[in-house]
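Trainee: Got run_23.txt for you, compact mmCIF, C-alpha atoms:
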# COMPACT_ATOMS: atom_id res chain seq x y z
CA MET T 21 3.61 24.03 -1.16
CA ILE T 22 4.36 21.94 1.91
CA GLU T 23 1.66 19.42 0.91
CA ASP T 24 3.42 18.84 -2.42
CA MET T 25 6.70 18.25 -0.62
CA PHE T 26 5.21 15.48 1.51
CA ASN T 27 2.84 13.97 -1.07
CA ASN T 28 5.25 11.10 -1.78
CA THR T 29 5.63 10.52 1.94
CA TYR T 30 1.85 10.17 2.31
CA VAL T 31 1.81 7.57 -0.46
CA LEU T 32 4.72 5.70 1.13
CA GLN T 33 2.94 5.70 4.49
CA LYS T 34 -0.22 4.33 2.88
CA ALA T 35 1.85 1.67 1.09
CA LEU T 36 3.37 0.74 4.46
CA ASP T 37 -0.15 0.40 5.88
CA ALA T 38 -1.10 -1.83 2.95
CA SER T 39 2.00 -3.96 3.42
CA TRP T 40 1.30 -4.31 7.15
CA THR T 41 -2.30 -5.31 6.41
CA ARG T 42 -1.11 -7.76 3.76
CA ASN T 43 1.26 -9.33 6.30
CA LYS T 44 -1.63 -9.88 8.72
CA VAL T 45 -3.86 -11.32 5.97
CA ILE T 46 -1.17 -13.71 4.74
CA SER T 47 -0.50 -14.80 8.33
CA ASP T 48 -4.22 -15.49 8.78
CA ASN T 49 -4.22 -17.52 5.57
CA ILE T 50 -1.25 -19.57 6.77
CA ALA T 51 -2.87 -20.11 10.17
CA ASN T 52 -6.03 -21.43 8.48
CA VAL T 53 -4.31 -23.73 5.99
CA ASP T 54 -5.97 -26.78 7.59
CA THR T 55 -9.38 -25.20 8.30
CA PRO T 56 -12.05 -26.92 6.16
CA GLY T 57 -13.98 -24.51 3.95
CA TYR T 58 -11.67 -21.54 4.61
CA LYS T 59 -11.22 -19.21 1.64
CA LYS T 60 -7.98 -17.26 1.49
CA GLN T 61 -8.05 -13.49 1.56
CA LYS T 62 -6.08 -10.95 -0.42
CA VAL T 63 -5.30 -7.26 0.03
CA GLN T 64 -6.25 -4.93 -2.79
CA PHE T 65 -4.24 -1.71 -2.83
CA GLU T 66 -2.06 -1.45 -5.93
CA SER T 67 -5.01 -1.14 -8.33
CA TYR T 68 -6.38 1.75 -6.25
CA LEU T 69 -2.96 3.40 -6.29
CA ALA T 70 -2.67 3.05 -10.07
CA GLN T 71 -6.15 4.50 -10.50
CA ALA T 72 -5.35 7.46 -8.22
CA VAL T 73 -2.11 8.16 -10.07
CA ASP T 74 -3.95 8.08 -13.41
CA ASN T 75 -6.62 10.45 -12.10
CA ASN T 76 -3.94 12.73 -10.70
CA ALA T 77 -2.06 12.96 -14.01
CA VAL T 78 -3.94 16.03 -15.28
CA LYS T 79 -4.26 18.68 -12.62
CA GLY T 80 -5.56 22.20 -13.12
CA MET T 81 -3.57 25.13 -11.82
CA VAL T 82 -5.13 26.98 -8.88
CA THR T 83 -4.05 30.63 -8.64
CA ASN T 84 -6.66 31.73 -6.10
CA GLU T 85 -7.98 29.99 -2.99
CA ARG T 86 -11.54 30.34 -4.32
CA HIS T 87 -10.76 28.35 -7.47
CA ILE T 88 -12.14 24.85 -7.75
CA PRO T 89 -9.36 22.27 -8.05
CA VAL T 90 -9.63 20.25 -11.27
CA GLY T 91 -8.35 16.70 -11.36
CA ALA T 92 -6.78 17.00 -7.93
CA GLY T 93 -7.28 13.56 -6.49
CA SER T 94 -5.80 13.06 -3.06
CA LEU T 95 -3.25 10.26 -2.99
CA ASN T 96 -3.22 10.14 0.80
CA ARG T 97 -6.87 8.99 0.84
CA LEU T 98 -6.18 5.69 -0.85
CA LYS T 99 -8.10 2.76 0.53
CA ILE T 100 -6.95 -0.72 1.43
CA ASP T 101 -9.48 -3.51 0.91
CA ILE T 102 -9.41 -7.12 2.01
CA LYS T 103 -11.17 -9.40 -0.47
CA GLU T 104 -11.99 -13.07 -0.22
CA ASP T 105 -10.45 -15.13 -3.01
CA ASN T 106 -13.18 -17.45 -4.31
CA THR T 107 -11.03 -19.38 -6.72
CA THR T 108 -11.76 -23.05 -6.90
CA SER T 109 -10.06 -25.31 -4.44
CA MET T 110 -7.90 -28.25 -5.39
CA ARG T 111 -8.69 -29.85 -2.05
CA LEU T 112 -11.72 -31.89 -1.06
CA ASP T 113 -12.40 -29.87 2.11
CA GLY T 114 -13.02 -26.63 0.16
CA ASN T 115 -9.96 -24.80 1.51
CA ASN T 116 -8.10 -22.91 -1.22
CA VAL T 117 -4.95 -21.90 0.70
CA ASP T 118 -1.70 -23.02 -0.92
CA ILE T 119 0.98 -22.92 1.79
CA ASP T 120 3.86 -22.61 -0.69
CA SER T 121 2.24 -19.67 -2.45
CA GLU T 122 1.44 -17.97 0.86
CA MET T 123 5.00 -18.37 2.14
CA ALA T 124 6.36 -16.88 -1.10
CA ASP T 125 3.90 -13.98 -0.82
CA LEU T 126 4.96 -13.42 2.79
CA ALA T 127 8.64 -13.26 1.82
CA LYS T 128 7.87 -10.89 -1.06
CA ASN T 129 5.79 -8.68 1.23
CA ASN T 130 8.58 -8.55 3.84
CA ILE T 131 11.03 -7.39 1.18
CA MET T 132 8.56 -4.72 0.02
CA TYR T 133 7.96 -3.53 3.58
CA ASN T 134 11.70 -3.20 4.25
CA ALA T 135 12.21 -1.31 0.97
CA LEU T 136 9.40 1.10 1.86
CA ILE T 137 10.90 1.65 5.32
CA GLU T 138 14.29 2.43 3.75
CA LYS T 139 12.74 4.87 1.28
CA ILE T 140 10.76 6.78 3.89
CA SER T 141 13.77 6.84 6.25
CA GLY T 142 15.90 8.26 3.43
CA THR T 143 13.32 10.97 2.76
CA TYR T 144 13.36 12.10 6.38
CA ARG T 145 17.14 11.77 6.56
CA ASN T 146 17.47 14.11 3.56
CA LEU T 147 15.07 16.59 5.15
CA ARG T 148 17.03 16.50 8.42
CA THR T 149 20.28 17.06 6.51
CA ALA T 150 18.81 20.07 4.70
CA ILE T 151 17.62 21.56 7.98
CA ASN T 152 20.91 20.95 9.78
CA GLU T 153 23.06 22.25 6.90
CA GLY T 154 20.85 25.33 6.58
CA ARG T 155 21.78 26.39 10.11
CA LYS T 156 25.49 26.64 9.27
Would it be possible to restate this file's structure as structure tokens?
Mentor:
Amino acid sequence: MIEDMFNNTYVLQKALDASWTRNKVISDNIANVDTPGYKKQKVQFESYLAQAVDNNAVKGMVTNERHIPVGAGSLNRLKIDIKEDNTTSMRLDGNNVDIDSEMADLAKNNIMYNALIEKISGTYRNLRTAINEGRK
């Protein structure tokens, strides 16, 4: 019961981890914009999240602790991968980092991170309100 209540929080925490990792990767890409032969890196998380949500769509009901859970994928075990982007370079030195694209991705990621922080703060704020109002 309590796990179901915090399942969304686990996903939000993992999304925060992915956003933090993405921020570091984008910063590394920006720092290496003039490094010959450097290939930019990308964070892969959203496709894993979509796959986990699809696998979690059909879930068998467990009425006894000895039952085997069916279709119960754990959303809090999502992985975050860093992949090298091997797209062709438009530059002669082999570097494929586009500074304008990276700066736009950094801004977008900062907005996403702040939205995730607000959502998780709201979740805990609602929980605190329910606990405090229950005492009265």
Trainee: What is the distance between CA of Asn52 (chain T) and CA of Val117 (chain T), in Å to one decimal?
Mentor: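 So the two atoms, CA of Asn52 (chain T) and CA of Val117 (chain T), lie 7.9 Å apart.
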Trainee: Enter the distance from CA of Asp125 (chain T) to CA of Thr143 (chain T), in Å, rounded to one decimal.
Mentor: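 Distance reported for this atom pair: 26.9 Å.
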Trainee: What is the CA of Phe65 (chain T) to CA of Asn116 (chain T) distance in Å?
Mentor: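 Spanning CA of Phe65 (chain T) to CA of Asn116 (chain T) is a straight-line distance of 21.6 Å.
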Trainee: Give me, as a PDB file with C-alpha atoms, keeping the file's coordinate frame, all polymer residues having an atom no more than 9 Å from region 30-37 of chain T, counting all atoms listed in the file and skipping those fewer than 5 positions away in the same chain.
Mentor:
ATOM      1  CA  ARG T  42      -1.110  -7.760   3.760  1.00  0.00           C
ATOM      2  CA  PHE T  65      -4.240  -1.710  -2.830  1.00  0.00           C
ATOM      3  CA  GLU T  66      -2.060  -1.450  -5.930  1.00  0.00           C
ATOM      4  CA  LEU T  69      -2.960   3.400  -6.290  1.00  0.00           C
ATOM      5  CA  LEU T  95      -3.250  10.260  -2.990  1.00  0.00           C
ATOM      6  CA  ASN T  96      -3.220  10.140   0.800  1.00  0.00           C
ATOM      7  CA  ARG T  97      -6.870   8.990   0.840  1.00  0.00           C
ATOM      8  CA  LEU T  98      -6.180   5.690  -0.850  1.00  0.00           C
ATOM      9  CA  LYS T  99      -8.100   2.760   0.530  1.00  0.00           C
ATOM     10  CA  ILE T 100      -6.950  -0.720   1.430  1.00  0.00           C
ATOM     11  CA  MET T 132       8.560  -4.720   0.020  1.00  0.00           C
ATOM     12  CA  TYR T 133       7.960  -3.530   3.580  1.00  0.00           C
ATOM     13  CA  LEU T 136       9.400   1.100   1.860  1.00  0.00           C
ATOM     14  CA  ILE T 137      10.900   1.650   5.320  1.00  0.00           C
ATOM     15  CA  LYS T 139      12.740   4.870   1.280  1.00  0.00           C
ATOM     16  CA  ILE T 140      10.760   6.780   3.890  1.00  0.00           C
TER      17      ILE T 140
END
Trainee: In file coordinates, which residues lie within 8 Å of (-8.7, -30.9, 6.4) using only C-alpha atoms, given as a list in words?
Mentor: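 Collected hits near the coordinates: Asp54, Thr55, Pro56, Asp113 and Asn115 of chain T.
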